[in-house]
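Enquirer: This is the content of work_3.txt (compact mmCIF, C-alpha atoms and all ligand atoms):
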```txt
# COMPACT_ATOMS: atom_id res chain seq x y z
CA MET A 1 0.00 0.00 0.00
CA ASN A 2 1.12 3.51 -0.78
CA ALA A 3 1.76 5.38 2.49
CA ASN A 4 0.82 8.71 0.87
CA PRO A 5 -2.39 8.21 -1.07
CA PRO A 6 -3.54 11.13 -3.25
CA LYS A 7 -5.20 13.82 -1.20
CA SER A 8 -8.85 14.59 -1.83
CA ILE A 9 -9.58 18.07 -3.08
CA THR A 10 -12.50 19.39 -1.10
CA VAL A 11 -14.35 22.49 -2.19
CA PHE A 12 -16.71 24.24 0.19
CA ARG A 13 -19.22 26.73 -1.13
CA GLY A 14 -21.35 28.66 1.32
CA ASP A 15 -21.26 28.83 5.07
CA THR A 16 -21.34 25.18 6.02
CA ARG A 17 -20.63 23.71 9.42
CA LEU A 18 -20.37 19.94 9.29
CA ASP A 19 -20.42 17.47 12.17
CA ASN A 20 -18.77 14.08 11.96
CA VAL A 21 -20.95 12.62 14.71
CA VAL A 22 -24.69 12.41 14.05
CA ASN A 23 -27.39 11.30 16.47
CA LEU A 24 -29.32 9.21 13.99
CA LEU A 25 -31.66 7.62 16.52
CA GLU A 26 -33.15 11.07 17.13
CA LYS A 27 -33.67 11.58 13.38
CA ILE A 28 -35.57 8.36 12.72
CA GLN A 29 -38.29 9.07 15.29
CA PRO A 30 -41.82 9.55 13.89
CA ALA A 31 -42.20 12.97 15.59
CA HIS A 32 -39.02 14.18 13.91
CA PHE A 33 -40.16 12.75 10.60
CA SER A 34 -43.38 14.77 10.66
CA LYS A 35 -41.31 17.93 11.10
CA GLU A 36 -39.20 16.86 8.10
CA VAL A 37 -42.33 16.42 5.99
CA ASP A 38 -43.45 19.99 6.72
CA LYS A 39 -40.08 21.75 6.71
CA ILE A 40 -38.16 19.73 4.11
CA PHE A 41 -40.44 17.85 1.74
CA ARG A 42 -43.16 20.51 1.61
CA ARG A 43 -40.59 23.24 0.86
CA ALA A 44 -37.80 21.71 -1.26
CA TRP A 45 -37.74 21.53 -5.03
CA LEU A 46 -38.15 17.81 -5.65
CA PRO A 47 -37.27 16.07 -8.91
CA VAL A 48 -40.11 13.64 -9.57
CA THR A 49 -39.61 12.24 -13.03
CA SER A 50 -37.61 12.47 -16.20
CA MET A 51 -38.55 14.20 -19.45
CA SER A 52 -38.22 10.82 -21.18
CA ASP A 53 -41.63 10.09 -19.59
CA LEU A 54 -43.04 13.10 -21.47
CA PRO A 55 -41.63 12.72 -24.99
CA GLU A 56 -44.24 14.70 -26.98
CA PRO A 57 -47.11 17.21 -26.66
CA GLY A 58 -49.98 15.33 -25.02
CA SER A 59 -47.69 13.08 -22.96
CA TYR A 60 -48.63 12.56 -19.34
CA VAL A 61 -47.43 10.51 -16.40
CA THR A 62 -48.65 9.96 -12.84
CA ILE A 63 -46.13 9.95 -10.04
CA THR A 64 -46.69 9.38 -6.34
CA VAL A 65 -44.77 11.48 -3.82
CA PRO A 66 -44.93 9.25 -0.74
CA PRO A 67 -43.85 11.68 2.02
CA LEU A 68 -46.68 14.04 1.05
CA LYS A 69 -49.16 11.20 0.41
CA ALA A 70 -49.63 12.85 -2.97
CA SER A 71 -50.34 11.54 -6.42
CA LEU A 72 -49.38 13.94 -9.21
CA LEU A 73 -50.56 14.09 -12.79
CA ILE A 74 -47.81 15.64 -14.92
CA THR A 75 -48.76 16.75 -18.39
CA ARG A 76 -47.08 18.20 -21.43
CA ALA A 77 -49.77 20.17 -23.22
CA THR A 78 -49.86 21.26 -26.86
CA ASP A 79 -48.41 24.64 -25.83
CA GLY A 80 -45.28 22.64 -24.91
CA LYS A 81 -45.55 23.56 -21.23
CA VAL A 82 -45.03 20.88 -18.58
CA ARG A 83 -47.48 21.21 -15.68
CA ALA A 84 -48.08 19.28 -12.47
CA PHE A 85 -51.47 18.84 -10.79
CA HIS A 86 -52.81 16.90 -7.89
CA ASN A 87 -54.23 13.80 -9.54
CA VAL A 88 -57.65 14.37 -7.98
CA CYS A 89 -61.01 15.01 -9.64
CA ARG A 90 -62.57 18.26 -8.39
CA HIS A 91 -66.07 16.72 -8.20
CA ARG A 92 -65.86 14.08 -5.44
CA ALA A 93 -62.04 13.86 -5.05
CA ASN A 94 -61.67 10.53 -6.83
CA LYS A 95 -58.25 9.68 -8.25
CA LEU A 96 -58.38 10.89 -11.85
CA VAL A 97 -55.71 8.70 -13.49
CA ALA A 98 -54.34 5.42 -12.10
CA ASP A 99 -50.98 5.64 -10.32
CA GLY A 100 -48.13 4.57 -12.55
CA GLU A 101 -50.05 5.21 -15.78
CA LYS A 102 -48.37 7.12 -18.56
CA GLY A 103 -49.19 7.75 -22.21
CA CYS A 104 -50.42 10.44 -24.55
CA LYS A 105 -53.85 12.14 -24.45
CA HIS A 106 -55.32 15.60 -24.14
CA ARG A 107 -58.35 14.84 -21.96
CA PHE A 108 -58.55 13.12 -18.58
CA THR A 109 -61.95 11.76 -17.67
CA CYS A 110 -62.82 10.62 -14.18
CA GLY A 111 -64.21 7.08 -14.07
CA PHE A 112 -66.70 8.01 -11.31
CA HIS A 113 -69.04 10.61 -12.98
CA ALA A 114 -67.10 11.40 -16.18
CA TRP A 115 -65.93 14.93 -15.30
CA SER A 116 -63.27 15.72 -17.84
CA PHE A 117 -60.15 17.90 -17.62
CA ALA A 118 -57.82 19.26 -20.31
CA SER A 119 -54.05 18.78 -20.15
CA ASP A 120 -53.67 22.41 -19.03
CA GLY A 121 -55.84 21.51 -16.02
CA LYS A 122 -59.04 23.31 -17.07
CA LEU A 123 -62.35 21.63 -16.27
CA ALA A 124 -63.71 20.87 -19.75
CA VAL A 125 -66.87 18.81 -19.30
CA VAL A 126 -69.35 18.33 -16.45
CA MET A 127 -71.91 15.64 -17.20
CA ASP A 128 -75.50 16.76 -16.62
CA GLU A 129 -74.16 20.21 -15.81
CA SER A 130 -77.57 21.82 -15.34
CA GLN A 131 -78.05 19.83 -12.13
CA PHE A 132 -75.14 21.66 -10.41
CA VAL A 133 -76.59 24.81 -8.89
CA GLY A 134 -74.38 27.86 -9.37
CA LEU A 135 -71.36 25.91 -10.67
CA ASP A 136 -68.57 28.18 -11.95
CA LYS A 137 -66.49 25.74 -14.00
CA SER A 138 -63.53 28.11 -14.15
CA ARG A 139 -63.03 27.61 -10.39
CA TYR A 140 -62.83 23.83 -10.58
CA GLY A 141 -59.78 23.08 -12.67
CA LEU A 142 -57.21 20.57 -11.43
CA VAL A 143 -55.22 21.84 -8.43
CA PRO A 144 -51.75 22.87 -9.68
CA VAL A 145 -48.42 22.24 -7.99
CA HIS A 146 -45.41 24.48 -8.81
CA CYS A 147 -43.50 22.73 -11.55
CA GLU A 148 -40.32 23.50 -13.50
CA VAL A 149 -38.22 21.55 -15.96
CA TRP A 150 -34.46 21.49 -15.58
CA GLU A 151 -32.41 19.51 -18.11
CA ASP A 152 -33.96 16.02 -18.15
CA PHE A 153 -35.88 16.41 -14.88
CA VAL A 154 -39.29 17.64 -13.84
CA PHE A 155 -39.15 19.31 -10.43
CA VAL A 156 -42.13 20.19 -8.25
CA ASN A 157 -42.49 22.31 -5.15
CA PHE A 158 -45.46 21.82 -2.80
CA ASP A 159 -44.97 25.13 -1.02
CA PRO A 160 -47.88 27.44 -1.98
CA ALA A 161 -45.23 30.19 -2.38
CA PRO A 162 -41.78 28.61 -2.96
CA ARG A 163 -39.07 30.48 -1.07
CA GLU A 164 -36.55 30.06 -3.90
CA THR A 165 -36.67 29.55 -7.63
CA LEU A 166 -35.46 26.20 -8.93
CA ALA A 167 -32.35 27.94 -10.32
CA GLU A 168 -31.57 29.33 -6.86
CA TRP A 169 -32.22 25.95 -5.26
CA LEU A 170 -29.86 24.17 -7.68
CA GLY A 171 -27.12 26.81 -7.44
CA ASP A 172 -23.92 25.83 -9.27
CA ILE A 173 -25.49 22.66 -10.61
CA HIS A 174 -28.05 24.64 -12.62
CA GLY A 175 -26.06 25.75 -15.64
CA GLY A 176 -23.53 22.96 -15.76
CA TYR A 177 -25.04 20.02 -17.63
CA LYS A 178 -25.50 21.35 -21.15
CA GLY A 179 -26.05 18.39 -23.47
CA TYR A 180 -25.08 15.75 -20.92
CA PHE A 181 -28.47 13.98 -20.86
CA ASP A 182 -28.98 14.06 -24.65
CA GLY A 183 -29.04 10.88 -26.69
CA ARG A 184 -29.79 8.50 -23.82
CA GLU A 185 -32.41 5.78 -23.45
CA GLU A 186 -33.89 4.09 -20.41
CA ILE A 187 -32.43 0.61 -19.98
CA ALA A 188 -33.69 -0.45 -16.54
CA ASN A 189 -36.29 0.58 -14.00
CA TRP A 190 -37.05 -0.96 -10.62
CA SER A 191 -38.31 -0.07 -7.16
CA ILE A 192 -38.44 -1.58 -3.71
CA VAL A 193 -39.80 -0.58 -0.29
CA VAL A 194 -37.33 -1.18 2.53
CA ASN A 195 -38.00 -1.18 6.27
CA ALA A 196 -35.60 1.65 6.97
CA ASN A 197 -35.71 5.38 7.49
CA TRP A 198 -35.05 7.46 4.37
CA HIS A 199 -31.83 9.01 5.73
CA ILE A 200 -30.24 5.56 6.04
CA THR A 201 -31.15 4.73 2.44
CA VAL A 202 -29.80 7.95 0.87
CA ASN A 203 -26.62 7.70 2.92
CA ALA A 204 -25.85 4.27 1.44
CA PHE A 205 -25.18 5.84 -1.96
CA THR A 206 -23.21 8.98 -1.20
CA GLU A 207 -19.87 7.58 -0.07
CA GLY A 208 -17.40 5.22 -1.70
CA TYR A 209 -15.70 4.04 1.50
CA HIS A 210 -17.91 0.92 1.59
CA SER A 211 -17.16 -0.15 -1.97
CA LEU A 212 -13.96 -2.02 -1.11
CA PHE A 213 -15.82 -4.18 1.38
CA LEU A 214 -19.52 -4.44 0.58
CA HIS A 215 -18.84 -4.82 -3.16
CA LYS A 216 -15.69 -6.94 -2.85
CA ASN A 217 -17.15 -9.65 -5.09
CA THR A 218 -19.09 -7.59 -7.61
CA LEU A 219 -16.63 -4.69 -7.97
CA PRO A 220 -13.27 -6.02 -6.82
CA ASP A 221 -11.00 -3.67 -8.77
CA TYR A 222 -13.08 -1.02 -10.54
CA GLN A 223 -11.61 1.85 -8.53
CA GLY A 224 -8.46 2.40 -6.55
CA GLY A 225 -5.34 0.86 -7.95
CA SER A 226 -1.88 0.86 -6.44
CA ASP A 227 -1.73 4.63 -5.86
CA ASN A 228 -5.16 4.88 -4.20
CA PRO A 229 -5.78 1.63 -2.33
CA MET A 230 -8.55 3.01 -0.07
CA ARG A 231 -10.34 4.51 -3.07
CA HIS A 232 -10.30 8.06 -1.71
CA ARG A 233 -12.47 10.41 -3.69
CA PRO A 234 -10.19 12.77 -5.62
CA PHE A 235 -12.81 15.55 -5.56
CA LEU A 236 -15.58 16.39 -3.09
CA GLU A 237 -17.71 19.51 -3.23
CA ILE A 238 -20.03 20.80 -0.55
CA MET A 239 -22.47 23.31 -2.02
CA PRO A 240 -24.97 25.46 -0.08
CA ARG A 241 -27.71 22.83 -0.44
CA HIS A 242 -26.36 19.87 -2.37
CA ALA A 243 -23.07 17.97 -2.54
CA ARG A 244 -21.12 15.89 -5.01
CA TYR A 245 -17.96 13.90 -5.51
CA SER A 246 -16.03 12.29 -8.33
CA ALA A 247 -14.64 8.77 -8.26
CA LYS A 248 -11.53 7.62 -10.04
CA ALA A 249 -11.31 4.50 -12.18
CA ASN A 250 -8.63 1.90 -11.74
CA PRO A 251 -6.70 2.01 -15.03
CA ASN A 252 -5.60 -1.59 -14.35
CA HIS A 253 -9.16 -2.97 -14.00
CA LYS A 254 -9.36 -6.53 -15.36
CA MET A 255 -12.59 -7.30 -17.16
CA THR A 256 -14.28 -10.60 -16.34
CA PRO A 257 -14.84 -12.86 -19.37
CA VAL A 258 -18.54 -11.93 -19.59
CA GLU A 259 -17.79 -8.22 -19.19
CA ALA A 260 -15.20 -8.47 -21.96
CA VAL A 261 -17.73 -10.06 -24.31
CA ALA A 262 -20.33 -7.37 -23.54
CA TYR A 263 -18.00 -4.41 -23.71
CA ASN A 264 -16.11 -5.56 -26.76
CA ALA A 265 -19.50 -5.76 -28.49
CA GLY A 266 -20.70 -2.31 -27.31
CA ARG A 267 -19.12 0.65 -25.53
CA LYS A 268 -17.49 0.24 -22.14
CA LEU A 269 -19.85 1.52 -19.46
CA TYR A 270 -19.20 0.23 -15.92
CA PRO A 271 -17.27 -1.20 -14.05
CA ALA A 272 -14.84 -0.90 -16.97
CA PHE A 273 -14.53 2.83 -17.53
CA PRO A 274 -13.34 4.09 -20.89
CA PRO A 275 -10.84 6.97 -20.97
CA VAL A 276 -12.81 10.21 -21.31
CA ASP A 277 -11.44 13.55 -22.44
CA CYS A 278 -13.10 15.97 -20.02
CA THR A 279 -10.87 18.90 -20.90
CA GLY A 280 -12.61 20.29 -24.00
CA PRO A 281 -14.74 23.46 -23.82
CA ASP A 282 -17.90 21.50 -24.72
CA PHE A 283 -17.58 18.98 -21.90
CA PRO A 284 -20.33 19.91 -19.38
CA LYS A 285 -18.75 21.80 -16.53
CA ALA A 286 -20.83 20.12 -13.80
CA VAL A 287 -19.74 16.65 -14.91
CA ASN A 288 -16.39 15.63 -13.44
CA PRO A 289 -16.28 19.21 -12.11
CA GLY A 290 -12.75 18.80 -10.68
CA ARG A 291 -11.55 17.39 -14.03
CA VAL A 292 -9.92 14.43 -12.30
CA ASP A 293 -7.96 12.09 -14.53
CA HIS A 294 -9.06 8.46 -14.99
CA TRP A 295 -12.55 9.70 -14.18
CA ALA A 296 -15.07 6.95 -13.42
CA PHE A 297 -18.29 8.68 -12.33
CA ASP A 298 -19.78 11.39 -10.12
CA ILE A 299 -22.28 11.06 -7.32
CA VAL A 300 -24.52 14.09 -6.80
CA GLU A 301 -26.96 14.35 -3.91
CA PHE A 302 -29.81 16.65 -4.85
CA PHE A 303 -31.07 17.34 -1.36
CA PRO A 304 -33.17 15.86 0.12
CA CYS A 305 -33.74 12.47 -1.47
CA PHE A 306 -32.45 12.20 -5.04
CA VAL A 307 -29.05 10.85 -6.05
CA LEU A 308 -27.69 11.09 -9.58
CA ILE A 309 -24.82 8.83 -10.58
CA GLU A 310 -23.30 10.13 -13.79
CA GLY A 311 -20.72 8.48 -16.00
CA ALA A 312 -19.66 8.70 -19.62
CA ASP A 313 -22.58 7.48 -21.75
CA TRP A 314 -24.68 6.34 -18.75
CA HIS A 315 -26.41 7.68 -15.67
CA GLN A 316 -28.59 6.37 -12.88
CA ASN A 317 -31.47 8.25 -11.22
CA MET A 318 -32.20 7.17 -7.66
CA TRP A 319 -35.10 8.37 -5.52
CA PHE A 320 -35.32 7.61 -1.81
CA TRP A 321 -38.90 8.54 -0.97
CA PRO A 322 -39.86 8.30 2.67
CA VAL A 323 -43.18 6.52 3.15
CA ASP A 324 -43.10 7.09 6.90
CA ALA A 325 -40.36 7.19 9.56
CA ASP A 326 -39.68 3.46 9.16
CA HIS A 327 -40.16 2.79 5.44
CA THR A 328 -38.61 4.11 2.25
CA GLU A 329 -39.55 3.50 -1.36
CA ILE A 330 -36.43 3.41 -3.51
CA ARG A 331 -36.90 3.99 -7.25
CA VAL A 332 -34.06 3.46 -9.67
CA VAL A 333 -33.92 4.22 -13.39
CA ASP A 334 -30.82 3.46 -15.47
CA TYR A 335 -30.00 5.24 -18.73
CA ALA A 336 -27.33 4.62 -21.35
CA TYR A 337 -26.47 5.88 -24.82
CA LYS A 338 -29.05 4.97 -27.46
CA ALA A 339 -28.33 1.50 -28.79
CA LYS A 340 -27.79 1.16 -32.52
CA THR A 341 -26.50 -2.42 -32.73
CA VAL A 342 -27.02 -5.79 -31.07
CA GLY A 343 -23.62 -5.30 -29.48
CA ASP A 344 -24.88 -2.09 -27.86
CA ARG A 345 -27.84 -4.01 -26.47
CA LEU A 346 -25.46 -6.59 -25.02
CA ALA A 347 -23.46 -3.83 -23.35
CA HIS A 348 -26.69 -2.35 -21.94
CA SER A 349 -27.73 -5.75 -20.59
CA TYR A 350 -24.41 -6.17 -18.85
CA LEU A 351 -24.73 -2.72 -17.23
CA ARG A 352 -28.30 -3.46 -16.15
CA VAL A 353 -27.45 -6.79 -14.52
CA ARG A 354 -24.28 -5.53 -12.88
CA ASN A 355 -26.03 -2.45 -11.47
CA ARG A 356 -28.79 -4.58 -9.99
CA GLU A 357 -26.30 -6.87 -8.25
CA VAL A 358 -24.43 -3.89 -6.81
CA PHE A 359 -27.74 -2.29 -5.76
CA ARG A 360 -28.78 -5.49 -3.95
CA GLU A 361 -25.59 -5.27 -1.92
CA ASP A 362 -26.18 -1.57 -1.23
CA ILE A 363 -29.66 -2.16 0.18
CA SER A 364 -28.52 -5.18 2.23
CA THR A 365 -27.42 -3.10 5.24
CA MET A 366 -30.37 -0.71 5.49
CA GLU A 367 -32.89 -2.72 7.48
CA ALA A 368 -30.20 -3.96 9.89
CA ILE A 369 -29.03 -0.38 10.54
CA HIS A 370 -32.61 0.78 11.15
CA ALA A 371 -33.33 -2.11 13.54
CA SER A 372 -30.04 -1.58 15.40
CA LEU A 373 -30.81 2.08 15.94
CA LYS A 374 -34.37 1.33 17.03
CA SER A 375 -33.02 -1.08 19.65
CA GLY A 376 -31.32 1.91 21.28
CA ALA A 377 -27.97 0.11 21.27
CA VAL A 378 -26.15 2.86 19.42
CA PRO A 379 -27.73 6.29 19.01
CA GLU A 380 -24.90 7.88 17.05
CA ILE A 381 -22.98 7.27 13.87
CA ILE A 382 -19.43 8.51 13.18
CA LEU A 383 -18.44 9.77 9.75
CA SER A 384 -15.05 10.04 8.03
CA GLN A 385 -13.85 12.74 5.64
CA GLN A 386 -14.74 10.33 2.82
CA GLU A 387 -18.31 10.39 4.13
CA MET A 388 -18.53 14.19 3.97
CA LEU A 389 -21.57 14.16 1.70
CA ILE A 390 -23.44 12.43 4.53
CA GLN A 391 -22.22 15.08 6.97
CA LYS A 392 -23.57 17.70 4.57
CA HIS A 393 -26.88 15.83 4.22
CA TYR A 394 -27.53 16.06 7.96
CA ALA A 395 -26.36 19.67 8.19
CA MET A 396 -28.80 20.65 5.44
CA ALA A 397 -31.64 18.61 6.98
CA ALA A 398 -31.05 20.25 10.38
CA ALA A 399 -30.96 23.71 8.82
CA MET A 400 -34.27 23.19 7.04
CA VAL A 401 -35.99 21.65 10.07
CA ALA A 402 -34.84 24.62 12.17
CA GLN A 403 -36.45 27.16 9.82
CA PRO A 404 -39.56 28.89 11.12
FE FE B 501 -22.38 0.78 -3.00
```
Go ahead and render the structure in this file as structure tokens.
Expert:
Amino acid sequence: MNANPPKSITVFRGDTRLDNVVNLLEKIQPAHFSKEVDKIFRRAWLPVTSMSDLPEPGSYVTITVPPLKASLLITRATDGKVRAFHNVCRHRANKLVADGEKGCKHRFTCGFHAWSFASDGKLAVVMDESQFVGLDKSRYGLVPVHCEVWEDFVFVNFDPAPRETLAEWLGDIHGGYKGYFDGREEIANWSIVVNANWHITVNAFTEGYHSLFLHKNTLPDYQGGSDNPMRHRPFLEIMPRHARYSAKANPNHKMTPVEAVAYNAGRKLYPAFPPVDCTGPDFPKAVNPGRVDHWAFDIVEFFPCFVLIEGADWHQNMWFWPVDADHTEIRVVDYAYKAKTVGDRLAHSYLRVRNREVFREDISTMEAIHASLKSGAVPEIILSQQEMLIQKHYAMAAAMVAQP
């Protein structure tokens, strides 16, 4: 082992005080969780879906937002505008469109009494309208939720008067992704509910310290190498609200026989990382922001509960939606470059299968951690410098909960 591993570059933006000891038992209590719902989830800009769910005018998708017990209908109307509404009929509050449904149409008709709404939310048709005394249809459109599109993501904000614009909320991230998400296709999509508090689940994906141990069989040599045996992150950045790091590839990674077949047929994706020239003026400035050499991928925590893993030609969207203080619904969607050949499909399949195996390992500790904390055995967790994104996560959560 090298006695002097490369030092991480850490960039702090904004006035951030981080603690390396966190009383997590306190944070997983139901009373604390209800404060988080009101002060964090009801106020933050939350990414809820990707624009690939809304490919053309008339596209719509329904998305549940578990911490707010909300179902949203997101539409892209003929005027091109993306809007979000509570997915609730204004007549008797029936669910208008089934959860999980997506497609393309311009009218949404309730199955209960056939009230019908346009994709801009206006109430279009009331059956047997003359029987409603004094009904002013203009007052009974779908209930809107603040909604903005940024790059490939649709964000919503449940605050009746959001305290910041989405651009302010995203800060340095906002302008930095030009073109990065173009030319991708969805290659995998799965979700699971785990018996663990949401903090525990997000925290499992924002440090690389565990990768040497938890992923010793699935990812034995994808990072590190002789000059960085503990896989220290070469770049960490703590922003006012969010945080990110870059991971370095191991240039001496040995592909397994199956990986070699897949990645000789298509492009190398992961855990074999192709060399990427990140130095050109067109390379998005928020991707590999520290311009580290042998770049593998970045992890970005969009506070509170979304993690983006971004590599060359692939990315993974991960949502960690709290259901209540003891349960979290994790949603994962994988994207890769658009396949043109059978070889590309083979490479996609390899990425999909490998990611799922790694994900299974990542979720394997969550329920045990939650149960251990609940037992009262250990109230606190201790965090290293390599786990600084987790330190930032709790600092940001505390700051929002403390707001009036
Ligand atoms: Fe992991």
Enquirer: Check the smallest atom-to-atom distance from each of A:Gly175, A:Ala402, A:Ala84, A:Gly266 to Asn157 of chain A using only C-alpha atoms, then report the winner.
Expert: A:Ala84
Enquirer: Which of these residues is nearest to Val154 of chain A, using all atoms listed in the file: A:Leu123, A:Val97, A:Val48, A:Ile381?
Expert: A:Val48
Enquirer: Which residues are near ligand FE 501 (chain B) in this structure, taking near to mean any atom at most 6 Å from a ligand atom and counting all atoms listed in the file? Format them as a list in words.
Expert: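 Using all atoms listed in the file, I find these residues within 6 Å of ligand FE 501 (chain B): Phe205, Ser211 and Asp362 of chain A.
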Enquirer: Compile the contact shell of segment 273-284 of chain A as a VMD selection string: residues with an atom at most 7 Å away, counting only C-alpha atoms, same-chain residues fewer than 3 positions apart removed.
Expert: chain A and resid 176 to 178 180 249 268 to 270 287 291 294 296
Enquirer: Show me, as a list in words, the residues that have an atom within 12 Å of Gln29 of chain A when counting all atoms listed in the file, minus same-chain residues fewer than 2 positions from it.
Expert: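 Here the answer would be Asn23, Leu24, Leu25, Glu26, Lys27, Ala31, His32, Phe33, Ser34, Lys35, Glu36, Ala196, Asn197, Trp198, His199, Asp324, Ala325, Asp326, His327, His370, Leu373, Lys374, Gly376 and Pro379 of chain A.
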Enquirer: Choose the residue, out of A:Val261, A:Ile173, A:Cys110, A:Val193, that has the smallest atom-to-atom separation from Ala124 of chain A; count all atoms listed in the file.
Expert: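 Result for the nearest residue to Ala124 of chain A: A:Cys110.
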Enquirer: Could you tell me how far atom CA of Ala336 of chain A lies from atom CA of Ala265 of chain A, in Å and to one decimal?
Expert: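 It comes out at 14.8 Å.
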Enquirer: Have a look at A:Val21, A:Pro289, A:Ser52, A:Trp321 and name the one nearest to Leu68 of chain A; count all atoms listed in the file.
Expert: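 For Leu68 of chain A, the nearest of the candidates is A:Trp321.
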Enquirer: Per residue of segment 161-228 of chain A within 10 Å of segment 136-148 of chain A, note the shortest atom pair and the distance in Å to one decimal, counting only C-alpha atoms, and order the rows by chain and increasing residue number, as JSON lines.
Expert:
```
{"residue": "A:Ala161", "atom": "CA", "partner": "A:His146", "partner_atom": "CA", "distance": 8.6}
{"residue": "A:Pro162", "atom": "CA", "partner": "A:His146", "partner_atom": "CA", "distance": 8.0}
{"residue": "A:Thr165", "atom": "CA", "partner": "A:Glu148", "partner_atom": "CA", "distance": 9.2}
{"residue": "A:Leu166", "atom": "CA", "partner": "A:Glu148", "partner_atom": "CA", "distance": 7.2}
{"residue": "A:Ala167", "atom": "CA", "partner": "A:Glu148", "partner_atom": "CA", "distance": 9.7}
```
Enquirer: Kindly indicate which residue among A:Glu259, A:Lys95, A:Ser384, A:Ala114 lies nearest to Thr218 of chain A, using all atoms listed in the file for the distances.
Expert: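 The shortest atom-to-atom distance to Thr218 of chain A comes from A:Glu259.
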Enquirer: Of the residues A:Ala286, A:Ala399, A:Val342, A:Val149, which is the one nearest to Val82 of chain A, using only C-alpha atoms?
Expert: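 Smallest separation from Val82 of chain A among the options: A:Val149.
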Enquirer: Counting all atoms listed in the file, what is within 10 Å of Val88 of chain A, bar same-chain residues fewer than 2 positions away, as a PyMOL selection string?
Expert: chain A and resi 70-73+85-86+90-97+110+142-143
Enquirer: What are the centre and the three edge lengths of an axis-aligned box that wraps all atoms of segment 104-122 of chain A in the file, given that 8 Å is added to every side, written as AutoDock Vina command-line options and rounded to one decimal in Å?
Expert:
```
--center_x -59.7 --center_y 15.2 --center_z -17.9 --size_x 34.6 --size_y 32.2 --size_z 29.2
```
Enquirer: Please measure the separation of atom CA of Asp334 of chain A and atom CA of His315 of chain A, giving the value in Å to one decimal.
Expert: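 Atom CA of Asp334 of chain A sits 6.1 Å away from atom CA of His315 of chain A.
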Enquirer: Complete the atoms of segment 302-313 of chain A to N, CA and C atoms and put them out as a PDB file, in the frame of the given file.
Expert:
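Result saved to selection-v1.pdb:
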```
ATOM      1  N   PHE A 302     -28.875  15.534  -4.764  1.00  0.00           N
ATOM      2  CA  PHE A 302     -29.810  16.650  -4.850  1.00  0.00           C
ATOM      3  C   PHE A 302     -30.641  16.536  -3.576  1.00  0.00           C
ATOM      4  N   PHE A 303     -30.366  17.429  -2.624  1.00  0.00           N
ATOM      5  CA  PHE A 303     -31.070  17.340  -1.360  1.00  0.00           C
ATOM      6  C   PHE A 303     -32.568  17.527  -1.596  1.00  0.00           C
ATOM      7  N   PRO A 304     -33.441  16.793  -0.953  1.00  0.00           N
ATOM      8  CA  PRO A 304     -33.170  15.860   0.120  1.00  0.00           C
ATOM      9  C   PRO A 304     -32.995  14.401  -0.279  1.00  0.00           C
ATOM     10  N   CYS A 305     -33.621  13.932  -1.364  1.00  0.00           N
ATOM     11  CA  CYS A 305     -33.740  12.470  -1.470  1.00  0.00           C
ATOM     12  C   CYS A 305     -33.518  11.949  -2.880  1.00  0.00           C
ATOM     13  N   PHE A 306     -32.733  12.683  -3.679  1.00  0.00           N
ATOM     14  CA  PHE A 306     -32.450  12.200  -5.040  1.00  0.00           C
ATOM     15  C   PHE A 306     -30.944  12.127  -5.224  1.00  0.00           C
ATOM     16  N   VAL A 307     -30.477  11.019  -5.770  1.00  0.00           N
ATOM     17  CA  VAL A 307     -29.050  10.850  -6.050  1.00  0.00           C
ATOM     18  C   VAL A 307     -28.891  10.548  -7.534  1.00  0.00           C
ATOM     19  N   LEU A 308     -28.017  11.311  -8.177  1.00  0.00           N
ATOM     20  CA  LEU A 308     -27.690  11.090  -9.580  1.00  0.00           C
ATOM     21  C   LEU A 308     -26.283  10.507  -9.649  1.00  0.00           C
ATOM     22  N   ILE A 309     -26.156   9.381 -10.322  1.00  0.00           N
ATOM     23  CA  ILE A 309     -24.820   8.830 -10.580  1.00  0.00           C
ATOM     24  C   ILE A 309     -24.570   9.038 -12.064  1.00  0.00           C
ATOM     25  N   GLU A 310     -23.502   9.765 -12.386  1.00  0.00           N
ATOM     26  CA  GLU A 310     -23.300  10.130 -13.790  1.00  0.00           C
ATOM     27  C   GLU A 310     -21.939   9.665 -14.279  1.00  0.00           C
ATOM     28  N   GLY A 311     -21.963   8.936 -15.386  1.00  0.00           N
ATOM     29  CA  GLY A 311     -20.720   8.480 -16.000  1.00  0.00           C
ATOM     30  C   GLY A 311     -20.702   8.897 -17.457  1.00  0.00           C
ATOM     31  N   ALA A 312     -19.707   8.421 -18.187  1.00  0.00           N
ATOM     32  CA  ALA A 312     -19.660   8.700 -19.620  1.00  0.00           C
ATOM     33  C   ALA A 312     -20.653   7.751 -20.286  1.00  0.00           C
ATOM     34  N   ASP A 313     -21.612   8.288 -20.996  1.00  0.00           N
ATOM     35  CA  ASP A 313     -22.580   7.480 -21.750  1.00  0.00           C
ATOM     36  C   ASP A 313     -23.610   6.748 -20.893  1.00  0.00           C
TER      37      ASP A 313
END
```
